[in-house]
Amino acid sequence: MRIAIRRGWFDAEFAVACQLLIEYQIFFTTVDRAADMGAAGVGASVYFGSEESNRQIGEVAEAFSHAHDLGLFTVLWCYVRNATFRHDGLNDETSADLTGQANHLGVTLQADLIKQKQATHNGCYTRLENFGKTDERMYTELTGDHPVDLCRWQVANCYMGRIGLINSGGASGDNDYAQAVRTAIINKRAGGCGLISGRKVFQRPRAAGIDMLHTIQDVYLEDSITVA
């Protein structure tokens, strides 16, 4: 689908429309069709906290249950999205406590792999009123400020790592190699099982993209990089 854009109204109206499309997330095929085509697994997205999250949760739960009945594995793009998760310029959509709760919900939906943004900080629950339950020990005893600690909390919410956590690589930008390696090392040291890298790889020449994938693979193949 191609969209013609007139210069002038793009920044506001078009950006809002794109965000709504992202959060709506409708299935464009069926689990049965995927199985008929010979797929080994299926994937879906849930934006916990968005206006469409209740529908998404119900649809994904039903689809993943059926996928397992057919012997397919399941992957959940497990994100949080709500304007109240932003506080004075701080985006709590990468807060360890909030993304950890999303991971817990994701694995109860029968996801075999969870894809989640890597945590950058903590404490979203302490900045929200009448939202869920928390305990001070989450921030004083069970986690710390170190990136590996924050990611480990995400892993812990995936049935203590029994369900694999894959972190996302993020958008392409400056220092892509360094960012990808750092994210992969944190994920591995925290007990995660992988890194998904899309735009960092595909928005560059083929040879350079392949080289970046090999660099990421080297992190997970390196025996000296162990669980912290």
# chains A, B, ... in the order shown; residues from 1 in each chain; ligands from 1
>>> select_by_dssp(residues="range 162-205 of chain A", states="alpha helix (DSSP H)", output="MDAnalysis selection string")
chainID A and resid 176:190 199:202
>>> residues_around(residues="range 214-227 of chain A", least_positions_apart="3", cutoff="8 Å", atoms="only C-alpha atoms", output="list in words")
Ala180, Val181, Ala184, Ile185, Lys188, Arg189, Ala190, Gly191, Gly194, Leu195, Ile210 and Asp211 of chain A
>>> write_last_selection(atoms="N, CA and C atoms", output="compact mmCIF listing (two decimals), in the first residue's frame")
# COMPACT_ATOMS: atom_id res chain seq x y z
N ALA A 180 24.10 -2.94 19.20
CA ALA A 180 23.64 -4.32 19.04
C ALA A 180 24.43 -5.27 19.94
N VAL A 181 25.74 -5.10 19.97
CA VAL A 181 26.58 -5.97 20.82
C VAL A 181 26.24 -5.75 22.29
N ALA A 184 22.93 -7.42 23.09
CA ALA A 184 23.06 -8.87 23.10
C ALA A 184 23.78 -9.36 24.35
N ILE A 185 24.83 -8.67 24.76
CA ILE A 185 25.58 -9.08 25.96
C ILE A 185 24.70 -8.96 27.20
N LYS A 188 22.16 -11.83 27.17
CA LYS A 188 22.76 -13.12 27.49
C LYS A 188 23.16 -13.19 28.95
N ARG A 189 23.76 -12.15 29.47
CA ARG A 189 24.20 -12.13 30.87
C ARG A 189 23.01 -12.20 31.83
N ALA A 190 21.86 -11.71 31.38
CA ALA A 190 20.66 -11.73 32.22
C ALA A 190 19.91 -13.05 32.14
N GLY A 191 20.31 -13.93 31.24
CA GLY A 191 19.62 -15.20 31.09
C GLY A 191 18.65 -15.26 29.94
N GLY A 194 18.22 -14.37 23.18
CA GLY A 194 18.44 -13.88 21.83
C GLY A 194 18.15 -12.41 21.65
N LEU A 195 18.49 -11.94 20.47
CA LEU A 195 18.27 -10.55 20.08
C LEU A 195 17.69 -10.53 18.68
N ILE A 210 24.78 -8.69 6.87
CA ILE A 210 25.19 -10.05 7.23
C ILE A 210 26.30 -10.02 8.27
N ASP A 211 27.23 -9.10 8.10
CA ASP A 211 28.32 -8.98 9.06
C ASP A 211 27.79 -8.62 10.45
>>> residues_around(residues="Ile186 in chain A", least_positions_apart="6", cutoff="8 Å", atoms="only C-alpha atoms", output="list of chain:residue names")
A:Pro147, A:Val148, A:Cys151
>>> atom_distance(atom1="CA of Gln56 in chain A", atom2="CA of Phe73 in chain A")
18.4 Å
>>> closest_residue(among="A:Ser172, A:Gln110, A:Thr143, A:Asn122", to="Ala67 in chain A", atoms="only C-alpha atoms")
A:Gln110
>>> decode(residues="range 89-213 of chain A", atoms="C-alpha atoms", output="mmCIF file, in the first residue's frame")
data_model
loop_
_atom_site.group_PDB
_atom_site.id
_atom_site.type_symbol
_atom_site.label_atom_id
_atom_site.label_comp_id
_atom_site.auth_asym_id
_atom_site.auth_seq_id
_atom_site.Cartn_x
_atom_site.Cartn_y
_atom_site.Cartn_z
ATOM 1 C CA GLY A 89 9.935 13.149 29.393
ATOM 2 C CA LEU A 90 10.609 9.683 30.823
ATOM 3 C CA ASN A 91 9.193 6.839 28.718
ATOM 4 C CA ASP A 92 8.217 4.049 31.082
ATOM 5 C CA GLU A 93 7.440 1.739 28.165
ATOM 6 C CA THR A 94 10.953 0.404 28.817
ATOM 7 C CA SER A 95 10.642 0.302 32.623
ATOM 8 C CA ALA A 96 11.631 -3.086 34.058
ATOM 9 C CA ASP A 97 8.595 -3.459 36.323
ATOM 10 C CA LEU A 98 6.051 -2.577 33.638
ATOM 11 C CA THR A 99 7.639 -4.630 30.855
ATOM 12 C CA GLY A 100 8.132 -7.482 33.327
ATOM 13 C CA GLN A 101 4.397 -7.504 34.032
ATOM 14 C CA ALA A 102 3.722 -7.522 30.290
ATOM 15 C CA ASN A 103 6.057 -10.502 29.943
ATOM 16 C CA HIS A 104 4.169 -12.350 32.678
ATOM 17 C CA LEU A 105 0.885 -11.722 30.883
ATOM 18 C CA GLY A 106 2.483 -12.826 27.622
ATOM 19 C CA VAL A 107 3.672 -16.185 28.907
ATOM 20 C CA THR A 108 0.259 -16.881 30.432
ATOM 21 C CA LEU A 109 -1.131 -16.403 26.917
ATOM 22 C CA GLN A 110 1.006 -19.460 25.986
ATOM 23 C CA ALA A 111 3.798 -17.638 24.204
ATOM 24 C CA ASP A 112 6.854 -19.865 23.704
ATOM 25 C CA LEU A 113 9.077 -16.854 23.054
ATOM 26 C CA ILE A 114 8.660 -13.296 24.299
ATOM 27 C CA LYS A 115 10.009 -10.359 22.332
ATOM 28 C CA GLN A 116 10.404 -7.313 24.559
ATOM 29 C CA LYS A 117 12.216 -3.998 24.503
ATOM 30 C CA GLN A 118 15.220 -4.177 26.798
ATOM 31 C CA ALA A 119 14.621 -2.387 30.089
ATOM 32 C CA THR A 120 16.436 0.914 30.515
ATOM 33 C CA HIS A 121 15.244 1.886 34.019
ATOM 34 C CA ASN A 122 12.726 0.935 36.687
ATOM 35 C CA GLY A 123 9.947 2.291 38.889
ATOM 36 C CA CYS A 124 6.970 2.891 36.590
ATOM 37 C CA TYR A 125 4.538 1.529 39.177
ATOM 38 C CA THR A 126 5.739 4.087 41.705
ATOM 39 C CA ARG A 127 4.760 6.865 39.302
ATOM 40 C CA LEU A 128 1.230 5.588 38.613
ATOM 41 C CA GLU A 129 -1.843 5.922 40.799
ATOM 42 C CA ASN A 130 -4.207 2.990 41.386
ATOM 43 C CA PHE A 131 -2.493 0.834 38.782
ATOM 44 C CA GLY A 132 -1.691 -2.748 39.692
ATOM 45 C CA LYS A 133 0.211 -3.882 42.768
ATOM 46 C CA THR A 134 3.864 -3.584 43.618
ATOM 47 C CA ASP A 135 6.253 -4.108 46.503
ATOM 48 C CA GLU A 136 9.167 -1.951 47.575
ATOM 49 C CA ARG A 137 11.428 -5.020 47.529
ATOM 50 C CA MET A 138 11.131 -5.061 43.733
ATOM 51 C CA TYR A 139 13.310 -1.985 43.716
ATOM 52 C CA THR A 140 15.498 -2.534 46.789
ATOM 53 C CA GLU A 141 16.213 -6.285 46.977
ATOM 54 C CA LEU A 142 15.159 -8.016 43.765
ATOM 55 C CA THR A 143 16.594 -5.609 41.194
ATOM 56 C CA GLY A 144 19.258 -2.951 40.913
ATOM 57 C CA ASP A 145 20.110 -0.176 38.502
ATOM 58 C CA HIS A 146 22.568 -2.258 36.472
ATOM 59 C CA PRO A 147 21.278 -3.031 32.950
ATOM 60 C CA VAL A 148 21.765 -6.775 33.525
ATOM 61 C CA ASP A 149 19.674 -6.592 36.712
ATOM 62 C CA LEU A 150 16.892 -4.768 34.882
ATOM 63 C CA CYS A 151 16.882 -7.310 32.048
ATOM 64 C CA ARG A 152 17.055 -10.178 34.543
ATOM 65 C CA TRP A 153 13.767 -8.953 36.032
ATOM 66 C CA GLN A 154 12.241 -9.241 32.566
ATOM 67 C CA VAL A 155 13.574 -12.811 32.339
ATOM 68 C CA ALA A 156 12.264 -13.651 35.808
ATOM 69 C CA ASN A 157 8.772 -12.691 34.681
ATOM 70 C CA CYS A 158 8.995 -15.249 31.870
ATOM 71 C CA TYR A 159 8.483 -18.148 34.329
ATOM 72 C CA MET A 160 12.033 -17.621 35.645
ATOM 73 C CA GLY A 161 13.455 -18.008 32.151
ATOM 74 C CA ARG A 162 11.566 -21.176 31.231
ATOM 75 C CA ILE A 163 10.019 -19.127 28.436
ATOM 76 C CA GLY A 164 12.743 -17.491 26.372
ATOM 77 C CA LEU A 165 13.187 -13.727 26.318
ATOM 78 C CA ILE A 166 14.360 -12.112 23.099
ATOM 79 C CA ASN A 167 15.128 -8.401 23.265
ATOM 80 C CA SER A 168 14.551 -6.079 20.330
ATOM 81 C CA GLY A 169 17.486 -4.347 18.720
ATOM 82 C CA GLY A 170 15.808 -0.993 18.224
ATOM 83 C CA ALA A 171 15.849 1.428 15.332
ATOM 84 C CA SER A 172 18.869 1.962 13.122
ATOM 85 C CA GLY A 173 21.070 4.912 14.032
ATOM 86 C CA ASP A 174 24.561 5.903 15.088
ATOM 87 C CA ASN A 175 26.865 3.226 16.548
ATOM 88 C CA ASP A 176 24.610 0.361 15.471
ATOM 89 C CA TYR A 177 27.328 -2.259 15.984
ATOM 90 C CA ALA A 178 28.120 -1.105 19.508
ATOM 91 C CA GLN A 179 24.444 -0.871 20.437
ATOM 92 C CA ALA A 180 23.640 -4.320 19.042
ATOM 93 C CA VAL A 181 26.576 -5.968 20.819
ATOM 94 C CA ARG A 182 25.751 -4.213 24.091
ATOM 95 C CA THR A 183 22.092 -5.277 23.916
ATOM 96 C CA ALA A 184 23.062 -8.870 23.100
ATOM 97 C CA ILE A 185 25.578 -9.080 25.961
ATOM 98 C CA ILE A 186 23.072 -7.691 28.470
ATOM 99 C CA ASN A 187 20.426 -10.141 27.256
ATOM 100 C CA LYS A 188 22.759 -13.122 27.495
ATOM 101 C CA ARG A 189 24.199 -12.128 30.868
ATOM 102 C CA ALA A 190 20.663 -11.727 32.219
ATOM 103 C CA GLY A 191 19.617 -15.203 31.091
ATOM 104 C CA GLY A 192 17.833 -14.223 27.895
ATOM 105 C CA CYS A 193 18.051 -16.267 24.731
ATOM 106 C CA GLY A 194 18.444 -13.884 21.829
ATOM 107 C CA LEU A 195 18.275 -10.545 20.085
ATOM 108 C CA ILE A 196 16.010 -9.627 17.186
ATOM 109 C CA SER A 197 17.654 -7.124 14.875
ATOM 110 C CA GLY A 198 15.623 -5.916 11.936
ATOM 111 C CA ARG A 199 16.194 -2.322 10.888
ATOM 112 C CA LYS A 200 19.786 -2.263 12.092
ATOM 113 C CA VAL A 201 20.500 -5.081 9.633
ATOM 114 C CA PHE A 202 18.132 -4.526 6.715
ATOM 115 C CA GLN A 203 18.649 -0.780 6.380
ATOM 116 C CA ARG A 204 22.247 -1.251 5.283
ATOM 117 C CA PRO A 205 24.004 -2.977 2.350
ATOM 118 C CA ARG A 206 23.643 -6.753 2.229
ATOM 119 C CA ALA A 207 27.257 -7.552 3.155
ATOM 120 C CA ALA A 208 27.230 -5.115 6.066
ATOM 121 C CA GLY A 209 23.916 -6.479 7.321
ATOM 122 C CA ILE A 210 25.188 -10.052 7.233
ATOM 123 C CA ASP A 211 28.323 -8.981 9.063
ATOM 124 C CA MET A 212 26.227 -7.419 11.813
ATOM 125 C CA LEU A 213 24.173 -10.606 12.202
#
